[in-house]
>>> print(open('coords-v2.cif').read())   # mmCIF, C-alpha atoms
data_data
#
loop_
_atom_site.label_atom_id
_atom_site.label_comp_id
_atom_site.auth_asym_id
_atom_site.auth_seq_id
_atom_site.Cartn_x
_atom_site.Cartn_y
_atom_site.Cartn_z
CA MET A 1 -45.81 15.28 -21.51
CA PRO A 2 -46.80 11.65 -20.89
CA ASN A 3 -47.50 10.88 -17.27
CA PRO A 4 -48.25 7.83 -15.09
CA LYS A 5 -51.96 7.02 -15.16
CA ARG A 6 -52.11 5.71 -11.58
CA LYS A 7 -50.40 6.22 -8.31
CA MET A 8 -47.87 3.46 -7.50
CA SER A 9 -49.35 1.42 -4.66
CA LYS A 10 -47.43 1.00 -1.40
CA SER A 11 -47.23 -2.70 -2.14
CA ARG A 12 -45.62 -2.21 -5.56
CA ARG A 13 -43.24 0.42 -4.21
CA ASP A 14 -42.16 -1.80 -1.33
CA LYS A 15 -41.80 -4.84 -3.57
CA ARG A 16 -39.35 -2.92 -5.71
CA ARG A 17 -37.41 -1.97 -2.60
CA THR A 18 -36.93 -5.59 -1.43
CA HIS A 19 -33.79 -5.65 -3.55
CA TYR A 20 -32.23 -2.62 -1.81
CA LYS A 21 -29.93 -4.40 0.63
CA ALA A 22 -26.89 -3.53 2.66
CA THR A 23 -23.78 -5.58 1.94
CA VAL A 24 -21.60 -7.10 4.64
CA PRO A 25 -18.01 -5.77 4.60
CA SER A 26 -15.43 -8.49 4.01
CA LEU A 27 -13.79 -8.67 7.43
CA SER A 28 -10.96 -10.90 8.51
CA THR A 29 -8.99 -11.31 11.72
CA CYS A 30 -5.71 -9.47 12.18
CA SER A 31 -2.77 -11.87 12.21
CA ASN A 32 -1.03 -9.75 14.88
CA CYS A 33 -3.75 -8.87 17.44
CA GLY A 34 -6.74 -11.00 16.37
CA GLU A 35 -9.13 -8.06 16.06
CA MET A 36 -11.50 -7.81 13.10
CA LYS A 37 -10.09 -5.77 10.21
CA LEU A 38 -10.93 -4.92 6.61
CA ALA A 39 -9.17 -6.94 3.93
CA HIS A 40 -6.15 -5.30 2.25
CA ARG A 41 -6.02 -2.55 4.89
CA ALA A 42 -3.82 -1.95 7.91
CA CYS A 43 -5.35 -3.11 11.20
CA PRO A 44 -6.94 -0.07 12.93
CA SER A 45 -6.37 -1.45 16.44
CA CYS A 46 -2.68 -2.42 16.24
CA GLY A 47 -1.45 -0.68 13.07
CA TYR A 48 -0.06 -3.85 11.51
CA TYR A 49 -0.24 -4.76 7.85
CA ASN A 50 1.40 -7.80 6.27
CA GLU A 51 2.89 -8.68 9.69
CA ARG A 52 4.73 -5.37 9.96
CA SER A 53 3.93 -2.34 12.09
CA MET A 54 2.81 0.46 9.80
CA PHE A 55 1.74 3.08 12.35
CA ILE A 56 1.19 3.31 16.08
CA PRO A 57 -2.49 3.72 17.04
CA LYS A 58 -3.38 6.83 19.05
CA SER A 59 -4.76 5.12 22.15
CA MET B 1 -15.70 7.71 -23.53
CA ARG B 2 -12.54 8.12 -21.54
CA HIS B 3 -10.47 5.39 -23.15
CA ASN B 4 -6.74 5.54 -22.39
CA VAL B 5 -7.07 8.63 -20.21
CA LYS B 6 -4.64 8.27 -17.35
CA GLY B 7 -4.75 9.83 -13.92
CA ARG B 8 -7.38 11.25 -11.61
CA LYS B 9 -8.93 14.69 -11.71
CA LEU B 10 -9.31 14.87 -7.93
CA GLY B 11 -12.17 17.34 -8.35
CA ARG B 12 -9.82 20.19 -9.12
CA THR B 13 -8.81 22.39 -12.01
CA ALA B 14 -5.54 21.45 -13.70
CA SER B 15 -3.57 24.21 -11.96
CA HIS B 16 -5.10 23.40 -8.56
CA LYS B 17 -4.24 19.73 -9.08
CA SER B 18 -0.62 20.38 -10.02
CA ALA B 19 -0.28 22.69 -7.00
CA LEU B 20 -1.66 19.90 -4.80
CA LEU B 21 0.76 17.33 -6.22
CA ASN B 22 3.68 19.72 -5.68
CA SER B 23 2.75 20.25 -2.06
CA LEU B 24 2.15 16.52 -1.44
CA THR B 25 5.58 15.80 -2.93
CA THR B 26 7.22 18.45 -0.76
CA SER B 27 5.57 17.03 2.37
CA LEU B 28 6.56 13.46 1.55
CA LEU B 29 10.20 14.34 0.92
CA LYS B 30 10.22 16.41 4.12
CA HIS B 31 8.49 13.95 6.47
CA LYS B 32 9.16 10.62 4.64
CA ARG B 33 5.62 9.40 5.33
CA ILE B 34 2.32 11.23 4.97
CA ARG B 35 -1.29 10.35 5.67
CA THR B 36 -3.73 11.39 2.98
CA THR B 37 -6.69 10.06 1.00
CA GLU B 38 -6.16 6.95 -1.08
CA ALA B 39 -6.83 8.72 -4.39
CA LYS B 40 -4.37 11.53 -3.59
CA ALA B 41 -1.75 9.03 -2.40
CA LYS B 42 -2.01 7.00 -5.58
CA GLU B 43 -1.92 10.06 -7.80
CA ALA B 44 1.02 11.57 -5.91
CA ARG B 45 2.85 8.24 -6.14
CA THR B 46 3.26 8.39 -9.92
CA PHE B 47 4.26 12.04 -9.71
CA ILE B 48 6.90 11.47 -7.04
CA GLU B 49 8.37 8.35 -8.61
CA LYS B 50 8.91 10.16 -11.88
CA LEU B 51 10.50 13.09 -10.05
CA ILE B 52 12.89 10.88 -8.06
CA THR B 53 13.91 8.89 -11.14
CA LYS B 54 14.68 12.17 -12.85
CA ALA B 55 16.54 13.52 -9.82
CA LYS B 56 18.85 10.49 -9.79
CA LYS B 57 20.69 12.04 -12.74
CA ASN B 58 21.77 14.80 -10.37
CA ASP B 59 23.02 17.54 -12.71
CA LEU B 60 22.35 21.27 -12.81
CA HIS B 61 19.54 21.05 -15.34
CA VAL B 62 17.69 18.40 -13.34
CA LYS B 63 18.18 20.44 -10.16
CA ARG B 64 16.56 23.43 -11.84
CA GLN B 65 13.67 21.30 -13.06
CA VAL B 66 13.09 19.98 -9.55
CA MET B 67 13.37 23.48 -8.08
CA ALA B 68 10.58 24.55 -10.41
CA LEU B 69 8.25 22.02 -8.77
CA ILE B 70 9.35 22.04 -5.14
CA HIS B 71 9.38 25.51 -3.67
CA ASP B 72 11.26 24.53 -0.51
CA LYS B 73 15.02 24.88 -0.92
CA ASP B 74 15.82 22.78 2.15
CA VAL B 75 13.75 19.90 0.80
CA VAL B 76 15.48 20.06 -2.59
CA LYS B 77 18.86 20.05 -0.85
CA GLU B 78 17.85 17.04 1.22
CA LEU B 79 16.54 15.24 -1.86
CA PHE B 80 19.86 15.49 -3.69
CA SER B 81 22.21 15.11 -0.73
CA GLU B 82 20.44 12.45 1.39
CA ILE B 83 17.42 10.81 -0.24
CA ILE B 84 18.95 10.06 -3.65
CA PRO B 85 22.09 8.37 -2.16
CA LYS B 86 19.91 6.37 0.22
CA ILE B 87 17.67 5.14 -2.58
CA GLY B 88 20.78 4.15 -4.52
CA GLU B 89 20.29 1.46 -7.13
CA ARG B 90 16.56 0.82 -6.53
CA PRO B 91 14.97 0.62 -10.01
CA GLY B 92 11.73 2.50 -9.28
CA GLY B 93 9.20 1.63 -6.60
CA TYR B 94 10.54 4.21 -4.15
CA THR B 95 7.18 4.68 -2.45
CA ARG B 96 4.61 2.49 -0.75
CA VAL B 97 0.86 3.05 -0.23
CA ILE B 98 -0.76 1.38 2.77
CA LYS B 99 -4.55 1.52 2.90
CA LEU B 100 -6.06 2.47 6.25
CA GLY B 101 -9.81 2.23 5.80
CA ASN B 102 -12.37 5.02 5.78
CA ARG B 103 -12.12 8.35 7.60
CA SER B 104 -14.92 9.09 10.04
CA GLY B 105 -16.67 12.26 8.95
CA ASP B 106 -16.84 11.83 5.22
CA ALA B 107 -15.96 8.11 4.88
CA ALA B 108 -13.08 8.94 2.52
CA ALA B 109 -10.65 6.06 2.01
CA MET B 110 -7.39 7.01 3.74
CA ALA B 111 -3.87 5.76 3.14
CA ILE B 112 -0.26 6.24 4.21
CA LEU B 113 2.23 7.18 1.50
CA GLU B 114 5.83 6.57 2.48
CA LEU B 115 9.34 6.32 1.09
CA VAL B 116 10.28 2.64 1.13
CA ASP B 117 13.90 3.19 2.20
CA TYR B 118 12.90 5.28 5.22
CA ASN B 119 10.65 2.68 6.90
CA ASP B 120 12.95 1.25 9.56
CA VAL B 121 10.45 -1.32 10.85
CA VAL B 122 9.92 -2.95 7.47
CA ASN B 123 13.59 -2.84 6.52
CA LYS B 124 14.59 -4.57 9.75
CA LYS B 125 11.90 -7.21 9.28
CA ALA B 126 12.89 -7.81 5.66
CA GLU B 127 16.50 -8.43 6.69
CA GLU B 128 15.38 -10.83 9.42
CA GLN B 129 13.15 -12.72 7.03
CA GLN B 130 15.92 -13.09 4.49
CA GLU B 131 18.18 -14.53 7.19
CA LYS B 132 15.41 -16.89 8.28
CA LYS B 133 14.94 -18.06 4.71
CA LYS B 134 18.61 -18.79 4.41
CA ILE B 135 18.49 -20.87 7.59
CA LYS B 136 15.32 -22.66 6.47
CA THR B 137 16.75 -23.66 3.10
CA LYS B 138 19.81 -24.98 4.88
CA GLU B 139 17.62 -27.00 7.26
CA LYS B 140 15.65 -28.36 4.34
CA ASP B 141 18.78 -29.55 2.62
CA ASP B 142 19.91 -31.27 5.83
CA LYS B 143 16.50 -32.87 6.28
CA LYS B 144 16.44 -34.14 2.73
CA ALA B 145 19.64 -35.99 3.37
CA ALA B 146 18.34 -37.35 6.70
CA GLY B 147 14.80 -37.99 5.38
CA VAL B 148 15.88 -40.75 3.00
CA VAL B 149 17.26 -42.77 5.88
CA GLU B 150 14.14 -42.19 8.04
CA ASP B 151 11.80 -43.36 5.28
CA ALA B 152 13.72 -46.58 4.96
CA ASN B 153 13.33 -47.24 8.69
CA ILE B 154 9.54 -46.67 8.57
CA ILE B 155 9.09 -49.12 5.74
CA GLU B 156 11.04 -51.74 7.63
CA GLU B 157 8.89 -51.22 10.75
CA LYS B 158 5.68 -51.57 8.74
CA SER B 159 6.74 -54.78 7.15
CA GLU B 160 7.60 -56.20 10.57
CA LYS B 161 4.12 -55.30 11.91
CA ASN B 162 2.41 -56.97 8.97
CA GLY B 163 4.44 -60.08 9.56
CA LYS B 164 3.20 -60.34 13.16
#
>>> encode(input="coords-v2.cif", output="structure tokens")
Amino acid sequence: MPNPKRKMSKSRRDKRRTHYKATVPSLSTCSNCGEMKLAHRACPSCGYYNERSMFIPKS
Amino acid sequence: MRHNVKGRKLGRTASHKSALLNSLTTSLLKHKRIRTTEAKAKEARTFIEKLITKAKKNDLHVKRQVMALIHDKDVVKELFSEIIPKIGERPGGYTRVIKLGNRSGDAAAMAILELVDYNDVVNKKAEEQQEKKKIKTKEKDDKKAAGVVEDANIIEEKSEKNGK
């Protein structure tokens, strides 16, 4: 079996990893309560979606 | 390649999946709105819509076909005696999926699946909005008639200012 001739240096390894990034979720403000919410999802704090109450939050 | 292959496997065998869809359907018809994962909600949606469309025919053969899928006699009774009349003339689109975000624990995308005609909040709002629209269009028509006169006045004022 063919194998790597040399160990990958820390520098090379870390350079490759510079492109591993976390993405920011696309948040918007709820039109009912003003809290941050995910796009196209019901607001977790007030239960509103599309300006209608979809469920009543537990708290 | 999975070209033109419809539906989700949901990580189950075919029999396990059909059993799941039957039980989801039973729960939805019983409780009118259920909370489940997004994938299950979307898969159950197609299943339920087809079933309800079929059930609208409301004859003995259809009743037997529905009984073969839903193993709860009370639910079947309710479907034919209450749900079908309530749905009435609606041409499909009996259900609604509302996304809720991810579940803590396994980060599964959750959703609410509900029967459209049983959501009182939305139905009230929709009626209100329709009334509002009617009023708005009336106001617009009135304004259009009044707006022509107003514009004429503004032009006159401007010309006076320029003259000074």
>>> interface_residues(input="coords-v2.cif", of="chain A", to="chain B", cutoff="7 Å", atoms="all atoms listed in the file", output="list in words")
Arg41, Ala42, Arg52 and Ser53 of chain A
>>> closest_residue(input="coords-v2.cif", among="B:Thr53, B:Ser18, B:Asn4, B:Thr26", to="B:Gly92", atoms="only C-alpha atoms")
B:Thr53
>>> resolve_selection(input="coords-v2.cif", expression="the PyMOL selection byres ((chain B and resi 9) around 12)", output="list in words")
Val5, Lys6, Gly7, Arg8, Leu10, Gly11, Arg12, Thr13, Ala14, Ser15, His16, Lys17, Ser18, Leu20, Leu21, Ala39, Lys40, Glu43 and Ala44 of chain B
>>> residues_around(input="coords-v2.cif", residues="B:Ala19", least_positions_apart="6", cutoff="10 Å", atoms="all atoms listed in the file", output="list of chain:residue names")
B:Thr13, B:Thr25, B:Leu69, B:Ile70
>>> residues_around(input="coords-v2.cif", residues="A:Pro57", least_positions_apart="3", cutoff="8 Å", atoms="all atoms listed in the file", output="list in words")
Pro44, Ser45, Cys46 and Gly47 of chain A
>>> resolve_selection(input="coords-v2.cif", expression="the PyMOL selection byres ((chain A and resi 21-37) around 7)", output="list in words")
His19, Tyr20, Leu38, Ala39, Cys43, Cys46, Tyr48 and Glu51 of chain A
>>> atom_distance(input="coords-v2.cif", atom1="atom CA of B:Glu128", atom2="atom CA of B:Ile83")
23.8 Å
>>> closest_residue(input="coords-v2.cif", among="B:Glu139, B:Ser23, B:Arg90, B:Lys42", to="B:Val116", atoms="all atoms listed in the file")
B:Arg90
